[in-house]
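S.K.: Got query.tsv for you, TSV, C-alpha atoms:
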```
chain	number	residue	atom	x	y	z
A	25	MET	CA	0.33	-14.83	-20.24
A	26	THR	CA	0.11	-14.05	-16.54
A	27	ASP	CA	-2.73	-12.09	-14.95
A	28	LEU	CA	-0.32	-9.19	-14.51
A	29	GLN	CA	0.71	-9.23	-18.16
A	30	ALA	CA	-2.96	-9.34	-19.22
A	31	ALA	CA	-3.75	-6.37	-16.98
A	32	VAL	CA	-0.79	-4.43	-18.37
A	33	GLU	CA	-1.99	-5.20	-21.89
A	34	ARG	CA	-5.34	-3.60	-20.97
A	35	VAL	CA	-3.39	-0.49	-19.93
A	36	VAL	CA	-1.40	-0.63	-23.19
A	37	ALA	CA	-4.67	-0.81	-25.14
A	38	ALA	CA	-5.92	2.24	-23.22
A	39	LEU	CA	-2.69	4.03	-24.17
A	40	GLY	CA	-3.49	3.26	-27.80
A	41	ARG	CA	-6.95	4.75	-27.42
A	42	LEU	CA	-5.49	7.87	-25.78
A	43	ALA	CA	-2.98	8.17	-28.63
A	44	ALA	CA	-5.82	8.00	-31.14
A	45	VAL	CA	-7.50	10.93	-29.40
A	46	GLY	CA	-4.26	12.89	-28.97
A	47	GLU	CA	-3.06	12.43	-32.52
A	48	THR	CA	-5.94	14.58	-33.75
A	49	ILE	CA	-3.68	17.52	-32.90
A	50	GLN	CA	-1.52	17.37	-35.98
A	51	ASP	CA	1.48	19.20	-34.47
A	52	GLU	CA	1.64	16.64	-31.64
A	53	TRP	CA	1.49	13.46	-33.76
A	54	ILE	CA	5.16	12.46	-33.35
A	55	TYR	CA	5.19	13.32	-29.64
A	56	VAL	CA	2.01	11.29	-29.06
A	57	HIS	CA	3.39	8.21	-30.76
A	58	ASP	CA	6.78	8.54	-29.08
A	59	LEU	CA	5.05	8.54	-25.69
A	60	GLU	CA	2.94	5.55	-26.64
A	61	THR	CA	5.97	3.60	-27.87
A	62	VAL	CA	8.24	4.30	-24.91
A	63	TRP	CA	5.62	3.74	-22.20
A	64	THR	CA	4.32	0.56	-23.84
A	65	ALA	CA	7.84	-0.89	-23.84
A	66	ARG	CA	8.43	0.10	-20.21
A	67	LEU	CA	5.12	-1.34	-18.99
A	68	ARG	CA	5.64	-4.62	-20.84
A	69	ALA	CA	9.18	-4.94	-19.49
A	70	VAL	CA	7.98	-4.39	-15.93
A	71	ALA	CA	5.16	-6.92	-16.35
A	72	ALA	CA	7.55	-9.51	-17.77
A	73	GLY	CA	10.02	-8.92	-14.96
A	74	GLN	CA	7.44	-9.30	-12.22
A	75	GLY	CA	6.41	-12.79	-13.24
A	76	SER	CA	8.02	-14.17	-10.11
A	77	MET	CA	6.66	-11.51	-7.76
A	78	ALA	CA	5.76	-13.29	-4.51
A	79	ALA	CA	2.05	-13.16	-3.65
A	80	PRO	CA	1.22	-9.69	-4.95
A	81	PRO	CA	-1.94	-8.05	-3.62
A	82	TRP	CA	-3.61	-8.95	-6.91
A	83	PRO	CA	-7.22	-7.86	-6.20
A	84	GLU	CA	-6.01	-4.39	-5.22
A	85	ILE	CA	-3.70	-4.12	-8.22
A	86	GLU	CA	-6.43	-5.30	-10.59
A	87	ALA	CA	-8.90	-2.79	-9.12
A	88	ALA	CA	-6.38	0.05	-9.41
A	89	LEU	CA	-5.51	-0.74	-13.02
A	90	SER	CA	-9.16	-1.17	-13.99
A	91	GLY	CA	-9.95	2.20	-12.43
A	92	LEU	CA	-7.10	3.86	-14.30
A	93	VAL	CA	-8.22	2.36	-17.63
A	94	ALA	CA	-11.81	3.45	-16.98
A	95	GLU	CA	-10.67	7.00	-16.24
A	96	ALA	CA	-8.51	7.09	-19.38
A	97	ASP	CA	-11.43	5.85	-21.47
A	98	ARG	CA	-13.53	8.84	-20.36
A	99	ILE	CA	-11.08	11.31	-21.92
A	100	ALA	CA	-12.30	12.95	-25.11
A	101	ASP	CA	-10.22	16.14	-25.13
A	102	PRO	CA	-7.04	15.66	-27.20
A	103	HIS	CA	-4.88	17.84	-24.93
A	104	ARG	CA	-5.97	15.93	-21.84
A	105	ALA	CA	-5.38	12.66	-23.72
A	106	ILE	CA	-1.80	13.75	-24.39
A	107	ASP	CA	-1.32	14.52	-20.70
A	108	TRP	CA	-2.68	11.09	-19.82
A	109	LEU	CA	-0.22	9.37	-22.16
A	110	SER	CA	2.29	10.02	-19.37
A	111	THR	CA	-0.08	9.96	-16.40
A	112	LEU	CA	-1.61	6.55	-17.08
A	113	PRO	CA	1.68	4.62	-17.32
A	114	GLN	CA	3.20	6.42	-14.32
A	115	ALA	CA	0.14	5.67	-12.18
A	116	THR	CA	0.25	2.07	-13.42
A	117	LEU	CA	3.88	1.74	-12.37
A	118	VAL	CA	3.06	3.10	-8.91
A	119	ALA	CA	0.23	0.55	-8.59
A	120	LEU	CA	2.74	-2.16	-9.49
A	121	GLY	CA	5.21	-0.96	-6.86
A	122	GLU	CA	7.67	0.34	-9.44
A	123	ALA	CA	9.41	3.70	-9.75
A	124	ALA	CA	7.35	5.96	-11.98
A	125	TRP	CA	10.26	8.07	-13.21
```
Go ahead and express the file in the form of structure tokens.
M.R.:
Amino acid sequence: MTDLQAAVERVVAALGRLAAVGETIQDEWIYVHDLETVWTARLRAVAAGQGSMAAPPWPEIEAALSGLVAEADRIADPHRAIDWLSTLPQATLVALGEAAW
């Protein structure tokens, strides 16, 4: 596993923690898990595809992803957690130089 893939897996784990908070709103359970599933697949695909990325600014990327995970881990409100199920992966993609949409 590359450093990039390991960092993306930390983001994926944070998505799982956000989903656990968001799923406490019963009416949003399916939506929460759909977001988690789709964004996890996208992030992993991007990480796998960037294995040959030439000399990425790794310290900056690592710092950005660590900051995003730390911010996500501070979220306790289920509605905010649901919002962050889209925000976290999109911000991660921007940090990786990918299109967020």
S.K.: Have a look at atom CA of A:Glu60 and atom CA of A:Gly91 and let me know their distance in Å, one decimal.
M.R.: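 About the pair atom CA of A:Glu60 and atom CA of A:Gly91: they are 19.5 Å apart.
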S.K.: Would you tabulate, counting all atoms listed in the file, all residues of stretch 33-56 of chain A that have an atom at most 9 Å from an atom of stretch 104-122 of chain A, showing the closest pair of atoms and their distance in Å to one decimal, sorted by chain then ascending number, as CSV?
M.R.:
```
residue,atom,partner,partner_atom,distance
A:Val35,CA,A:Pro113,CA,7.7
A:Val36,CA,A:Pro113,CA,8.5
A:Ala38,CA,A:Leu112,CA,8.7
A:Leu39,CA,A:Leu109,CA,6.2
A:Gly40,CA,A:Leu109,CA,8.9
A:Arg41,CA,A:Ala105,CA,8.9
A:Leu42,CA,A:Ala105,CA,5.2
A:Ala43,CA,A:Ala105,CA,7.1
A:Ala44,CA,A:Ala105,CA,8.8
A:Val45,CA,A:Ala105,CA,6.3
A:Gly46,CA,A:Ile106,CA,5.3
A:Glu47,CA,A:Ile106,CA,8.3
A:Glu52,CA,A:Ile106,CA,8.5
A:Tyr55,CA,A:Ile106,CA,8.8
A:Val56,CA,A:Ile106,CA,6.5
```
S.K.: Residues of the last selection are to be written out with C-alpha atoms, as a CSV table (one decimal), in the coordinates of the input.
M.R.:
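The file below, result_34.csv, is the result:
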```csv
chain,number,residue,atom,x,y,z
A,35,VAL,CA,-3.4,-0.5,-19.9
A,36,VAL,CA,-1.4,-0.6,-23.2
A,38,ALA,CA,-5.9,2.2,-23.2
A,39,LEU,CA,-2.7,4.0,-24.2
A,40,GLY,CA,-3.5,3.3,-27.8
A,41,ARG,CA,-7.0,4.8,-27.4
A,42,LEU,CA,-5.5,7.9,-25.8
A,43,ALA,CA,-3.0,8.2,-28.6
A,44,ALA,CA,-5.8,8.0,-31.1
A,45,VAL,CA,-7.5,10.9,-29.4
A,46,GLY,CA,-4.3,12.9,-29.0
A,47,GLU,CA,-3.1,12.4,-32.5
A,52,GLU,CA,1.6,16.6,-31.6
A,55,TYR,CA,5.2,13.3,-29.6
A,56,VAL,CA,2.0,11.3,-29.1
```
S.K.: With distances taken over only C-alpha atoms, which residue among A:Val93, A:Leu67, A:Thr26, A:Glu33 lies nearest A:Ala124?
M.R.: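 The answer is A:Leu67, which sits nearest to A:Ala124.
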S.K.: Neighbours of A:Ala30 within 12 Å (only C-alpha atoms; same-chain residues fewer than 6 positions away dropped), as a list in words?
M.R.: Val36, Ala37, Leu67, Arg68, Ala71, Ala72, Gly75, Glu86, Leu89 and Ser90 of chain A
S.K.: How would the residues just chosen look if you wrote them out with C-alpha atoms as a PDB file, in the coordinates of the input?
M.R.:
```pdb
ATOM      1  CA  VAL A  36      -1.400  -0.630 -23.190  1.00  0.00           C
ATOM      2  CA  ALA A  37      -4.670  -0.810 -25.140  1.00  0.00           C
ATOM      3  CA  LEU A  67       5.120  -1.340 -18.990  1.00  0.00           C
ATOM      4  CA  ARG A  68       5.640  -4.620 -20.840  1.00  0.00           C
ATOM      5  CA  ALA A  71       5.160  -6.920 -16.350  1.00  0.00           C
ATOM      6  CA  ALA A  72       7.550  -9.510 -17.770  1.00  0.00           C
ATOM      7  CA  GLY A  75       6.410 -12.790 -13.240  1.00  0.00           C
ATOM      8  CA  GLU A  86      -6.430  -5.300 -10.590  1.00  0.00           C
ATOM      9  CA  LEU A  89      -5.510  -0.740 -13.020  1.00  0.00           C
ATOM     10  CA  SER A  90      -9.160  -1.170 -13.990  1.00  0.00           C
TER      11      SER A  90
END
```
S.K.: Atom CA of A:Trp125 and atom CA of A:Gln74, how far apart in Å?
M.R.: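 For atom CA of A:Gln74 relative to atom CA of A:Trp125, the distance reads 17.6 Å.
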S.K.: Pick from A:Trp63, A:Ile49, A:Ala31, A:Met25: nearest to A:Pro102, with only C-alpha atoms counted?
M.R.: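 Checking each candidate against A:Pro102, we get A:Ile49 as the closest.
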